[in-house]
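**Student:** The structure file data35.txt (compact mmCIF, C-alpha atoms and all ligand atoms) is provided below.
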# COMPACT_ATOMS: atom_id res chain seq x y z
CA MET T 1492 72.70 140.35 48.83
CA GLN T 1493 72.04 140.64 45.09
CA CYS T 1494 74.58 140.79 42.28
CA SER T 1495 75.13 144.32 41.00
CA PRO T 1496 76.89 144.10 37.59
CA SER T 1497 77.56 147.85 37.60
CA LEU T 1498 79.32 147.60 40.98
CA VAL T 1499 81.48 144.74 39.68
CA LEU T 1500 82.30 146.72 36.54
CA ALA T 1501 83.17 149.87 38.53
CA LEU T 1502 85.36 148.08 41.10
CA SER T 1503 87.15 146.00 38.44
CA SER T 1504 87.83 149.08 36.29
CA LEU T 1505 89.21 150.89 39.32
CA LEU T 1506 91.48 147.92 40.09
CA GLY T 1507 92.77 147.91 36.48
CA ALA T 1508 93.30 151.68 36.65
CA LEU T 1509 95.23 151.36 39.95
CA GLY T 1510 97.41 148.74 38.26
CA PHE T 1511 98.10 151.13 35.38
CA LEU T 1512 98.91 153.97 37.82
CA LEU T 1513 101.32 151.72 39.74
CA LEU T 1514 102.92 150.60 36.47
CA CYS T 1515 103.66 154.23 35.59
CA LEU T 1516 104.93 155.04 39.10
CA ASN T 1517 106.94 151.84 39.55
CA LEU T 1518 108.64 151.96 36.16
CA ARG T 1519 110.39 155.08 37.39
CA ALA T 1520 110.97 154.02 41.00
CA PRO T 1521 110.07 150.80 42.83
CA SER T 1522 107.77 150.69 45.89
CA ARG T 1523 109.95 151.46 48.88
CA TYR T 1524 109.99 148.23 50.84
CA GLY T 1525 112.49 145.39 51.06
CA LYS T 1526 115.70 145.99 49.11
CA HIS T 1527 114.34 149.25 47.65
CA GLN T 1528 113.87 150.93 51.02
CA GLU T 1529 116.30 153.85 50.83
CA LYS T 1530 116.68 154.45 54.56
CA PRO T 1531 115.55 152.13 57.33
CA GLY T 1532 113.28 154.91 58.68
CA LYS T 1533 112.27 155.58 62.27
CA PRO T 1534 111.71 152.43 64.40
CA TRP T 1535 108.09 153.46 65.15
CA ALA T 1536 107.41 153.75 61.42
CA ARG T 1537 108.23 150.07 60.75
CA LEU T 1538 106.76 146.76 61.81
CA PRO T 1539 108.54 143.37 61.96
CA ALA T 1540 108.09 141.67 58.57
CA ARG T 1541 106.17 138.68 59.97
CA CYS T 1542 103.64 140.83 61.74
CA ALA T 1543 103.33 143.23 58.76
CA TRP T 1544 102.77 140.50 56.14
CA PHE T 1545 100.26 138.76 58.38
CA LEU T 1546 98.23 141.95 58.94
CA GLN T 1547 98.49 143.02 55.32
CA GLU T 1548 97.41 139.74 53.73
CA LEU T 1549 94.81 138.67 56.32
CA PRO T 1550 91.91 140.68 54.76
CA SER T 1551 92.44 138.91 51.41
CA PHE T 1552 91.63 135.67 53.20
CA LEU T 1553 89.18 136.95 55.80
CA VAL T 1554 86.90 139.13 53.65
CA PRO T 1555 85.93 136.41 51.11
CA ALA T 1556 85.79 133.78 53.90
CA LEU T 1557 83.39 136.03 55.86
CA LEU T 1558 81.30 136.71 52.76
CA LEU T 1559 81.08 132.95 52.22
CA ALA T 1560 80.14 132.30 55.85
CA LEU T 1561 77.56 135.12 55.95
CA ARG T 1562 75.87 133.95 52.78
CA SER T 1563 72.40 132.79 53.64
CA PRO T 1564 71.97 129.93 53.60
CA PRO T 1565 75.76 129.40 53.85
CA ARG T 1566 76.72 126.84 51.25
CA LEU T 1567 79.69 126.03 49.10
CA GLU T 1568 77.70 124.28 46.44
CA PRO T 1569 77.74 126.77 43.52
CA LEU T 1570 80.89 126.35 41.45
CA GLY T 1571 81.80 130.05 41.94
CA CYS T 1572 81.98 129.52 45.73
CA ARG T 1573 84.07 126.39 45.35
CA LEU T 1574 86.53 128.08 42.99
CA LEU T 1575 86.81 131.06 45.35
CA CYS T 1576 87.45 128.76 48.28
CA GLY T 1577 89.74 126.30 46.53
CA MET T 1578 91.92 128.81 44.67
CA PHE T 1579 91.72 132.41 45.93
CA CYS T 1580 91.28 131.61 49.64
CA ALA T 1581 93.82 128.76 49.45
CA HIS T 1582 96.46 131.17 48.08
CA TYR T 1583 95.77 133.73 50.79
CA PHE T 1584 95.57 131.08 53.51
CA HIS T 1585 99.14 130.15 52.58
CA ARG T 1586 100.28 133.78 52.27
CA THR T 1587 98.71 134.81 55.61
CA PHE T 1588 99.25 131.80 57.84
CA ILE T 1589 102.37 130.15 56.39
CA TYR T 1590 104.45 132.65 54.34
CA SER T 1591 104.07 135.40 56.96
CA PHE T 1592 105.23 133.17 59.81
CA PHE T 1593 108.43 132.08 58.07
CA THR T 1594 109.55 135.23 56.26
CA ARG T 1595 112.96 136.61 57.19
CA GLY T 1596 112.37 139.98 55.56
CA ARG T 1597 113.35 143.42 56.82
CA PRO T 1598 110.97 145.46 58.97
CA PHE T 1599 108.16 146.76 56.79
CA PRO T 1600 107.23 150.50 56.46
CA LEU T 1601 103.94 151.28 58.24
CA GLN T 1602 102.76 153.63 55.51
CA ILE T 1603 103.01 150.95 52.81
CA LEU T 1604 101.45 148.44 55.19
CA LEU T 1605 98.36 150.64 55.60
CA PHE T 1606 97.92 150.95 51.83
CA GLY T 1607 98.50 147.20 51.52
CA ILE T 1608 95.74 146.44 54.06
CA LEU T 1609 93.30 148.76 52.26
CA PHE T 1610 94.17 147.12 48.97
CA CYS T 1611 93.64 143.59 50.35
CA ILE T 1612 90.21 144.54 51.81
CA TYR T 1613 89.20 146.02 48.45
CA ASN T 1614 90.38 143.11 46.35
CA GLY T 1615 89.13 140.47 48.81
CA PHE T 1616 85.69 142.05 48.68
CA LEU T 1617 85.62 142.35 44.88
CA GLN T 1618 86.74 138.77 44.21
CA GLY T 1619 84.53 137.31 46.96
CA TYR T 1620 81.42 139.31 46.06
CA TYR T 1621 81.69 138.41 42.39
CA MET T 1622 82.30 134.70 42.86
CA ILE T 1623 79.59 134.29 45.51
CA TYR T 1624 76.81 136.52 44.14
CA CYS T 1625 77.45 136.98 40.42
CA ALA T 1626 79.42 134.09 38.89
CA GLN T 1627 77.36 131.57 36.93
CA TYR T 1628 78.79 128.57 35.14
CA PRO T 1629 77.30 125.98 32.81
CA LYS T 1630 77.06 122.48 34.27
CA ASP T 1631 79.93 121.20 32.09
CA TRP T 1632 82.38 124.03 33.04
CA PHE T 1633 84.62 121.38 34.67
CA THR T 1634 85.39 119.97 31.23
CA ASP T 1635 85.79 123.37 29.53
CA PHE T 1636 89.32 124.03 28.21
CA ARG T 1637 89.40 127.41 30.00
CA PHE T 1638 88.73 125.75 33.33
CA THR T 1639 91.23 122.90 32.99
CA SER T 1640 94.04 125.01 31.52
CA GLY T 1641 93.38 127.77 34.08
CA VAL T 1642 93.55 125.41 37.05
CA LEU T 1643 96.76 123.84 35.71
CA LEU T 1644 98.33 127.28 35.19
CA PHE T 1645 97.24 128.33 38.68
CA LEU T 1646 98.82 125.25 40.30
CA PHE T 1647 101.98 125.58 38.18
CA GLY T 1648 102.35 129.28 39.11
CA MET T 1649 101.62 128.66 42.79
CA GLY T 1650 104.24 125.90 42.86
CA ILE T 1651 106.88 128.20 41.35
CA ASN T 1652 105.90 131.07 43.66
CA ILE T 1653 106.08 129.04 46.87
CA HIS T 1654 109.27 127.21 45.86
CA SER T 1655 111.00 130.48 44.89
CA ASP T 1656 109.97 132.23 48.12
CA ILE T 1657 111.43 129.26 50.06
CA LEU T 1658 114.72 129.55 48.12
CA LEU T 1659 114.87 133.27 48.99
CA ARG T 1660 114.22 132.54 52.66
CA GLN T 1661 116.99 129.94 52.74
CA LEU T 1662 119.50 132.60 51.68
CA ARG T 1663 119.33 134.03 55.21
CA LYS T 1664 119.83 132.82 58.75
CA PRO T 1665 117.36 134.21 61.32
CA GLY T 1666 118.17 137.86 62.09
CA ASP T 1667 120.25 138.31 58.91
CA HIS T 1668 119.00 141.07 56.59
CA THR T 1669 121.72 141.02 53.92
CA TYR T 1670 121.15 140.19 50.23
CA LYS T 1671 122.76 137.32 48.34
CA ILE T 1672 122.49 135.98 44.79
CA PRO T 1673 119.44 133.69 44.58
CA GLN T 1674 120.29 130.27 43.14
CA GLY T 1675 118.35 127.24 41.94
CA GLY T 1676 114.83 126.63 40.70
CA LEU T 1677 113.56 129.25 38.28
CA PHE T 1678 116.12 131.73 39.68
CA THR T 1679 118.54 130.02 37.30
CA TYR T 1680 116.70 131.86 34.52
CA VAL T 1681 115.14 134.98 36.08
CA SER T 1682 115.73 137.37 38.99
CA GLY T 1683 112.01 137.62 39.78
CA ALA T 1684 111.16 133.89 39.92
CA ASN T 1685 108.64 134.31 42.77
CA PHE T 1686 106.97 137.17 40.87
CA PHE T 1687 106.82 135.16 37.64
CA GLY T 1688 105.05 132.35 39.55
CA GLU T 1689 102.57 134.76 41.15
CA ILE T 1690 101.71 136.36 37.79
CA VAL T 1691 101.16 132.96 36.11
CA GLU T 1692 99.05 131.92 39.10
CA TRP T 1693 96.62 134.85 38.87
CA PHE T 1694 96.29 134.60 35.09
CA GLY T 1695 95.47 130.92 35.68
CA TYR T 1696 92.80 131.91 38.20
CA ALA T 1697 91.40 134.46 35.75
CA THR T 1698 91.25 131.86 32.97
CA ALA T 1699 89.63 129.19 35.17
CA THR T 1700 86.99 131.61 36.53
CA TRP T 1701 86.68 133.58 33.25
CA SER T 1702 85.71 136.66 35.24
CA LEU T 1703 86.35 140.40 34.89
CA PRO T 1704 87.45 140.93 38.53
CA ALA T 1705 89.97 138.08 38.28
CA PHE T 1706 91.41 139.42 35.01
CA ALA T 1707 91.61 142.90 36.58
CA PHE T 1708 93.55 141.46 39.53
CA ALA T 1709 95.88 139.44 37.25
CA LEU T 1710 96.57 142.65 35.31
CA PHE T 1711 97.15 144.56 38.55
CA THR T 1712 99.61 141.87 39.69
CA LEU T 1713 101.51 142.08 36.41
CA CYS T 1714 101.64 145.90 36.62
CA PHE T 1715 102.82 145.91 40.25
CA ILE T 1716 105.29 143.03 40.52
CA GLY T 1717 106.45 143.05 36.89
CA PRO T 1718 108.35 146.35 37.37
CA ARG T 1719 109.44 145.14 40.82
CA ALA T 1720 111.16 142.17 39.18
CA TYR T 1721 112.87 144.56 36.75
CA HIS T 1722 114.14 146.75 39.63
CA HIS T 1723 115.34 143.66 41.56
CA HIS T 1724 117.26 142.60 38.45
CA ARG T 1725 118.93 146.01 38.10
CA TYR T 1726 119.74 145.99 41.82
CA TYR T 1727 121.50 142.61 41.51
CA LEU T 1728 123.49 143.71 38.44
CA ARG T 1729 124.57 146.82 40.37
CA MET T 1730 125.45 145.00 43.61
CA PHE T 1731 127.07 141.76 42.38
CA THR T 1732 129.82 141.86 39.75
CA ASP T 1733 129.54 138.05 39.42
CA TYR T 1734 125.79 138.11 38.82
CA PRO T 1735 124.90 135.57 36.06
CA LYS T 1736 124.84 137.55 32.81
CA SER T 1737 122.38 135.24 31.04
CA ARG T 1738 119.72 135.64 33.74
CA LYS T 1739 116.70 137.71 32.69
CA ALA T 1740 114.46 139.90 34.88
CA LEU T 1741 111.04 138.24 34.72
CA ILE T 1742 110.39 136.01 31.70
CA PRO T 1743 112.89 133.18 31.07
CA PHE T 1744 115.05 133.76 27.92
CA ILE T 1745 112.96 136.81 26.88
CA PHE T 1746 112.90 139.74 29.36
N1 LIG T 1801 101.58 142.93 48.91
C1 LIG T 1801 100.77 142.51 46.69
N2 LIG T 1801 100.54 152.72 46.13
C2 LIG T 1801 101.84 144.27 48.44
C3 LIG T 1801 102.48 145.16 49.41
C4 LIG T 1801 102.65 146.56 48.94
O1 LIG T 1801 100.84 140.89 48.36
O2 LIG T 1801 98.76 151.47 46.51
C5 LIG T 1801 100.47 143.95 46.48
C6 LIG T 1801 101.07 142.05 48.04
C7 LIG T 1801 101.36 147.12 48.35
C8 LIG T 1801 100.79 146.23 47.27
C9 LIG T 1801 100.56 144.78 47.73
C10 LIG T 1801 99.53 146.85 46.64
C11 LIG T 1801 99.78 148.28 46.13
C12 LIG T 1801 100.36 149.12 47.22
C13 LIG T 1801 101.64 148.46 47.72
C14 LIG T 1801 102.29 149.52 48.53
C15 LIG T 1801 101.94 150.83 47.84
C16 LIG T 1801 100.94 150.46 46.76
C17 LIG T 1801 99.34 149.36 48.30
C18 LIG T 1801 99.31 144.65 48.59
C19 LIG T 1801 99.94 151.57 46.48
C20 LIG T 1801 99.83 153.94 45.85
C21 LIG T 1801 99.09 154.42 47.09
C22 LIG T 1801 100.92 154.92 45.46
C23 LIG T 1801 98.86 153.82 44.67
O3 LIG T 1801 114.58 142.15 53.43
P1 LIG T 1801 113.58 141.87 52.37
O4 LIG T 1801 112.15 142.15 52.78
O5 LIG T 1801 113.90 142.48 51.03
O6 LIG T 1801 113.67 140.24 52.19
C24 LIG T 1801 113.02 139.59 51.11
C25 LIG T 1801 113.75 138.31 50.76
N3 LIG T 1801 114.77 138.51 49.72
C26 LIG T 1801 116.06 138.16 49.82
N4 LIG T 1801 116.78 137.63 50.84
C27 LIG T 1801 118.11 137.40 50.63
N5 LIG T 1801 118.74 137.68 49.48
C28 LIG T 1801 118.05 138.19 48.43
N6 LIG T 1801 118.66 138.48 47.28
C29 LIG T 1801 116.65 138.47 48.58
N7 LIG T 1801 115.69 139.00 47.77
C30 LIG T 1801 114.55 139.01 48.49
O7 LIG T 1801 112.77 137.44 50.21
C31 LIG T 1801 111.64 139.04 51.49
O8 LIG T 1801 111.66 138.54 52.80
C32 LIG T 1801 111.45 137.87 50.54
C33 LIG T 1801 110.67 138.23 49.27
O9 LIG T 1801 111.12 139.46 48.80
P2 LIG T 1801 110.72 140.02 47.34
O10 LIG T 1801 111.14 141.43 47.26
O11 LIG T 1801 111.23 139.07 46.31
O12 LIG T 1801 109.10 139.88 47.32
P3 LIG T 1801 108.00 140.83 47.99
O13 LIG T 1801 107.72 142.00 47.14
O14 LIG T 1801 108.37 141.03 49.42
O15 LIG T 1801 106.71 139.85 47.88
C34 LIG T 1801 106.62 138.70 48.69
C35 LIG T 1801 105.59 137.76 48.06
C36 LIG T 1801 106.00 137.27 46.67
O16 LIG T 1801 105.66 135.91 46.54
C37 LIG T 1801 105.15 138.11 45.72
O17 LIG T 1801 104.86 137.41 44.54
C38 LIG T 1801 103.89 138.37 46.55
O18 LIG T 1801 104.31 138.42 47.90
N8 LIG T 1801 103.27 139.66 46.18
C39 LIG T 1801 103.84 140.84 46.54
C40 LIG T 1801 103.24 142.01 46.23
C41 LIG T 1801 101.90 142.05 45.65
C42 LIG T 1801 101.49 140.80 45.08
C43 LIG T 1801 102.09 139.63 45.46
C44 LIG T 1801 100.37 140.83 44.09
O19 LIG T 1801 100.07 141.89 43.55
N9 LIG T 1801 99.74 139.71 43.79
Mind converting the file's structure to structure tokens?
Ligand code: NDX
**Tutor:**
Amino acid sequence: MQCSPSLVLALSSLLGALGFLLLCLNLRAPSRYGKHQEKPGKPWARLPARCAWFLQELPSFLVPALLLALRSPPRLEPLGCRLLCGMFCAHYFHRTFIYSFFTRGRPFPLQILLFGILFCIYNGFLQGYYMIYCAQYPKDWFTDFRFTSGVLLFLFGMGINIHSDILLRQLRKPGDHTYKIPQGGLFTYVSGANFFGEIVEWFGYATATWSLPAFAFALFTLCFIGPRAYHHHRYYLRMFTDYPKSRKALIPFIF
């Protein structure tokens, strides 16, 4: 397979545009899953959360992993392949094989799941294709400030994201689907601590790889889960009279 810069440009622009569309839609009303699901819906229209998250996130891991394996000759040597494997695939390995198996979330709407799977195939292909066939780095990229600061941001964001998701999970016993006030970690400062971590993580990946597809995905993430954090925050203020007044929605001390 050869690198097609126009394909990368088209797919990245489409990803950015989808992010902008979701920003407009989600500012008015959040995506209807989790605490923003109005009605539970018919049992056949929902899937247990563990199964749904596994199926939804799997393509984000599988598609780039397959592209890497099918590369002829298969090798991890170019820096692009190693960054893809060490950062993007590592995140989705965790999300698919660890997060999904421990989540205690509500059953997930099938319709959103189908869109989620399509999205993960699309994004997995774009990120994998670019990093394997197009990305080129100078020999000293390891010492470049963009690389080092990006990797640090990525690890920092991933740490916050995983820790915050664990804190949320610990709010429930198995089988419990009620909502409580999240406490501890970055939740002391913001309602969307897991989302803040995820956003920082993908901007770190974009900085370390200095690539258009990665920046488009970071922007998409901000547009999709930024408003979700805002709606979570409003939900908590509505539901809990004792909700900490100094807590912000997404960015500590600011918003
Ligand atoms: N999945 C990313 N629309 C999305 C699914 C939906 O990974 O095209 C984007 C992802 C997809 C979306 C995905 C892409 C765009 C789609 C959209 C659907 C429509 C949209 C396809 C792929 C689309 C059209 C067609 C219109 C253009 O019961 P529960 O489930 O609420 O329980 C929750 C629990 N919890 C609590 N428990 C007790 N007390 C409390 N107070 C609690 N608060 C929450 O914690 C969950 O079990 C768990 C986490 O809940 P929540 O709501 O905080 O996070 P959630 O949104 O479920 O995300 C989970 C993790 C998190 O780390 C987040 O950062 C990451 O996944 N994520 C999520 C969404 C997108 C994304 C990352 C990204 O863009 N990078």
**Student:** Hey, what's within 12 Å of segment 1621-1629 of chain T if we count all atoms listed in the file and toss same-chain stuff fewer than 6 positions away? As number ranges by chain, please?
**Tutor:** T: 1492-1500, 1502-1503, 1554-1580, 1614-1615, 1635, 1637-1638, 1696-1697, 1699-1705
**Student:** Which residue gives the smallest distance to ligand LIG 1801 (chain T) among T:Leu1512, T:Ala1536, T:Leu1506, T:Ile1745, with only C-alpha atoms and all ligand atoms counted?
**Tutor:** T:Leu1512
**Student:** Which residues are near ligand LIG 1801 (chain T) in this structure, taking near to mean any atom at most 7 Å from a ligand atom and counting all atoms listed in the file? Format them as a count of residues only.
**Tutor:** 41
**Student:** Is it possible to get the residues within 7 Å of (98.9, 131.8, 36.6) (coordinates as in the file, counting only C-alpha atoms) written as an MDAnalysis selection string?
**Tutor:** chainID T and resid 1644:1645 1648 1688:1696
**Student:** Calculate how many Å separate atom CA of Gln1618 of chain T from atom CA of Ala1543 of chain T, rounding to one decimal.
**Tutor:**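 A separation of 22.5 Å between them.
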**Student:** Measuring atom to atom with all atoms listed in the file, identify which of T:Gln1661, T:Ser1682, T:Gln1602, T:Ser1504 is nearest to His1722 of chain T.
**Tutor:**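 Once distances to His1722 of chain T are computed over all atoms listed in the file, the minimum belongs to T:Ser1682.
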**Student:** Which residue, T:Gly1676, T:Pro1550, T:Gly1641, T:Pro1534, has the smallest gap to Leu1658 of chain T when you use all atoms listed in the file?
**Tutor:**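 Smallest separation from Leu1658 of chain T among the options: T:Gly1676.
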**Student:** One number please: atom CA of Ile1742 of chain T to atom CA of Gly1650 of chain T, in Å, one decimal.
**Tutor:** 16.3 Å
